[in-house]
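Below you'll find the structure, written out as structure tokens, and then a few comments.
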Amino acid sequence: MKPPSIKQPSELKPVTPEWLNQAESERFPASMEFWFPRLQQIDILNLPETSWVSLEPTKIHEGTIHELHWAECDISELRNAVETVGGPPAFIRTDQASDIYNMEDASKITSLSNKSLQSCVSGVLNFSITKAEVPITSLVVREWLDIVNYFTAWGGKKIGVEIRVFVSDGSVDGWCFDWKKSHIDSNSSEWKSKYEQTKQRANRHANEVAEMAQAVADEFSDVGTGAWSVDFVLTTDEKWYCTDMAPKRMSQKSNSIKKF
């Protein structure tokens, strides 16, 4: 399944039902089907290889008090998507959300076996539908990036050198280090010093994403959806990759905003 060239919010049809208390215009800009095709238009941007897997809406426990809107995918289509992006390993998410705090069980595909693939699908759907409560249209399989990392948190999640940039109306409003210290949950005795090491490296190299951030601001200056957050992560081959976007109103401001 290839992503659409560019879809407007009104064109996306979610798997999840209308009982979500958000207007359509509030929900759909966060979908990768809305913003990723626009990022692909930017020549200077580094993006992970990305493949799409269609979802079919269904229900589980239908007719009972436990009835739940759910989705299914073709496992062979998913397996092909993993191989297309060079995996395994590969990263999996829905078009609306990723469960980065449950990386090993839900978001990282390490095997092409039916059991492993089905487990990852169940994990990422469970997060998007029952926890994040967002309307999803597809699964997204992405190239696994080897990121610069000094420590882990939440039982194995690598904390990377990551920057969140804020853009609006064709301008870059500022940036911040993407991890807030008070949110970190790590068993490492050295995590606080490693956190500072990670943050300092982000601070030293932040200007390297300034040109890419401006290019994103220019691309989204006409979409009429207000301000956006844009996430960048540094890989071990010293490249900054743009990995995620969301309307700013749906994003968390991790730390104080700085200017490039």
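Quick note on naming: the chains in the structure tokens go A, B, ... in the order shown, residues restart at 1 in each chain, and ligands are numbered from 1 in order of appearance.
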Please report, as a Markdown table, each residue of segment 109-227 of chain A lying at most 12 Å from segment 74-86 of chain A, together with the nearest pair of atoms and the separation in Å rounded to one decimal; use only C-alpha atoms, and order rows by chain and ascending residue number.
| residue | atom | partner | partner_atom | distance |
| --- | --- | --- | --- | --- |
| A:Ile109 | CA | A:Val82 | CA | 8.0 |
| A:Thr110 | CA | A:Val82 | CA | 9.7 |
| A:Ser111 | CA | A:Arg79 | CA | 9.3 |
| A:Leu112 | CA | A:Arg79 | CA | 6.1 |
| A:Ser113 | CA | A:Arg79 | CA | 8.5 |
| A:Asn114 | CA | A:Ile75 | CA | 7.0 |
| A:Lys115 | CA | A:Ile75 | CA | 9.9 |
| A:Ser116 | CA | A:Ile75 | CA | 10.4 |
| A:Leu117 | CA | A:Ile75 | CA | 7.2 |
| A:Gln118 | CA | A:Ile75 | CA | 7.4 |
| A:Ser119 | CA | A:Ile75 | CA | 11.0 |
| A:Cys120 | CA | A:Leu78 | CA | 10.6 |
| A:Val121 | CA | A:Ile75 | CA | 9.2 |
| A:Ser122 | CA | A:Ile75 | CA | 11.8 |
| A:Ser138 | CA | A:Leu78 | CA | 11.0 |
| A:Leu139 | CA | A:Leu78 | CA | 8.5 |
| A:Val140 | CA | A:Ala81 | CA | 8.6 |
| A:Val141 | CA | A:Val82 | CA | 6.3 |
| A:Arg142 | CA | A:Val85 | CA | 6.2 |
| A:Glu143 | CA | A:Val85 | CA | 5.1 |
| A:Trp144 | CA | A:Gly86 | CA | 8.2 |
| A:Leu145 | CA | A:Gly86 | CA | 10.8 |
Take the selection from the previous step and output its residues with N, CA and C atoms, as a tab-separated table (two decimals), in the first residue's frame.
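Final file, part-v5.tsv:
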chain	number	residue	atom	x	y	z
A	109	ILE	N	10.08	-4.70	15.10
A	109	ILE	CA	9.91	-6.00	14.44
A	109	ILE	C	11.28	-6.64	14.29
A	110	THR	N	11.47	-7.77	14.92
A	110	THR	CA	12.76	-8.46	14.89
A	110	THR	C	12.73	-9.78	14.15
A	111	SER	N	11.55	-10.22	13.74
A	111	SER	CA	11.41	-11.51	13.08
A	111	SER	C	10.27	-11.44	12.07
A	112	LEU	N	10.37	-12.28	11.02
A	112	LEU	CA	9.32	-12.32	10.00
A	112	LEU	C	8.33	-13.46	10.25
A	113	SER	N	8.44	-14.12	11.39
A	113	SER	CA	7.51	-15.20	11.70
A	113	SER	C	6.10	-14.64	11.93
A	114	ASN	N	5.10	-15.44	11.61
A	114	ASN	CA	3.71	-15.00	11.81
A	114	ASN	C	3.46	-14.58	13.25
A	115	LYS	N	3.97	-15.38	14.19
A	115	LYS	CA	3.74	-15.11	15.60
A	115	LYS	C	4.32	-13.76	16.01
A	116	SER	N	5.55	-13.48	15.58
A	116	SER	CA	6.20	-12.23	15.94
A	116	SER	C	5.49	-11.03	15.30
A	117	LEU	N	5.13	-11.15	14.03
A	117	LEU	CA	4.46	-10.06	13.34
A	117	LEU	C	3.09	-9.78	13.95
A	118	GLN	N	2.34	-10.82	14.23
A	118	GLN	CA	1.02	-10.65	14.83
A	118	GLN	C	1.11	-10.01	16.22
A	119	SER	N	2.16	-10.37	16.97
A	119	SER	CA	2.36	-9.78	18.29
A	119	SER	C	2.60	-8.28	18.19
A	120	CYS	N	3.43	-7.88	17.23
A	120	CYS	CA	3.72	-6.45	17.05
A	120	CYS	C	2.46	-5.69	16.61
A	121	VAL	N	1.71	-6.28	15.70
A	121	VAL	CA	0.47	-5.63	15.24
A	121	VAL	C	-0.49	-5.44	16.41
A	122	SER	N	-0.67	-6.48	17.21
A	122	SER	CA	-1.57	-6.38	18.36
A	122	SER	C	-1.12	-5.30	19.33
A	138	SER	N	-4.02	3.13	8.72
A	138	SER	CA	-3.06	2.18	8.17
A	138	SER	C	-1.94	1.91	9.17
A	139	LEU	N	-1.21	0.83	8.92
A	139	LEU	CA	0.04	0.57	9.61
A	139	LEU	C	1.16	1.16	8.78
A	140	VAL	N	2.20	1.63	9.46
A	140	VAL	CA	3.36	2.21	8.78
A	140	VAL	C	4.61	1.48	9.27
A	141	VAL	N	5.35	0.90	8.33
A	141	VAL	CA	6.59	0.20	8.66
A	141	VAL	C	7.75	1.06	8.19
A	142	ARG	N	8.73	1.28	9.08
A	142	ARG	CA	9.80	2.21	8.77
A	142	ARG	C	11.17	1.56	8.99
A	143	GLU	N	12.11	2.05	8.24
A	143	GLU	CA	13.50	1.64	8.40
A	143	GLU	C	13.94	1.80	9.85
A	144	TRP	N	14.64	0.79	10.36
A	144	TRP	CA	15.16	0.88	11.73
A	144	TRP	C	16.41	1.76	11.72
A	145	LEU	N	16.39	2.83	12.49
A	145	LEU	CA	17.51	3.76	12.54
A	145	LEU	C	18.41	3.44	13.73
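Counting from atom CA of Ile257 of chain A, the distance to atom CA of Ala202 of chain A is 13.3 Å.
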Strand (DSSP E) residues, from DSSP on the backbone, in segment 57-218 of chain A, as an MDAnalysis selection string: chainID A and resid 57:60 68:72 90:94 108:109 138:143 149:153 157:160 162:168 171:177
Residue list (alpha helix (DSSP H), DSSP) for segment 59-240 of chain A, as a PyMOL selection string: chain A and resi 75-84+114-126+191-205+210-219
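Using only C-alpha atoms, the smallest distance between any of A:Val216, A:Ile42, A:Ala30, A:Ile147 and Val161 of chain A comes from A:Ile147.
Using only C-alpha atoms, the protein and nucleic acid residues lying no more than 8 Å from Glu72 of chain A, apart from those fewer than 2 places from it along its own chain, are Leu55, Glu56, Pro57, Thr58, Trp70 and Asp74 of chain A.
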From A:Arg204, A:Lys157, A:Lys248, A:Lys59, residue lying nearest Phe260 of chain A [only C-alpha atoms]: A:Arg204
Length of the atom CA of Gly170 of chain A to atom CA of Asp218 of chain A vector [Å]: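 Atom CA of Asp218 of chain A lies 4.6 Å from atom CA of Gly170 of chain A.
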Given only C-alpha atoms as the counted atoms, nearest of A:Asp43, A:Glu67, A:Asp169, A:Asp105 to Asp222 of chain A: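 Going through A:Asp43, A:Glu67, A:Asp169, A:Asp105 one by one, the smallest distance to Asp222 of chain A is for A:Asp169.
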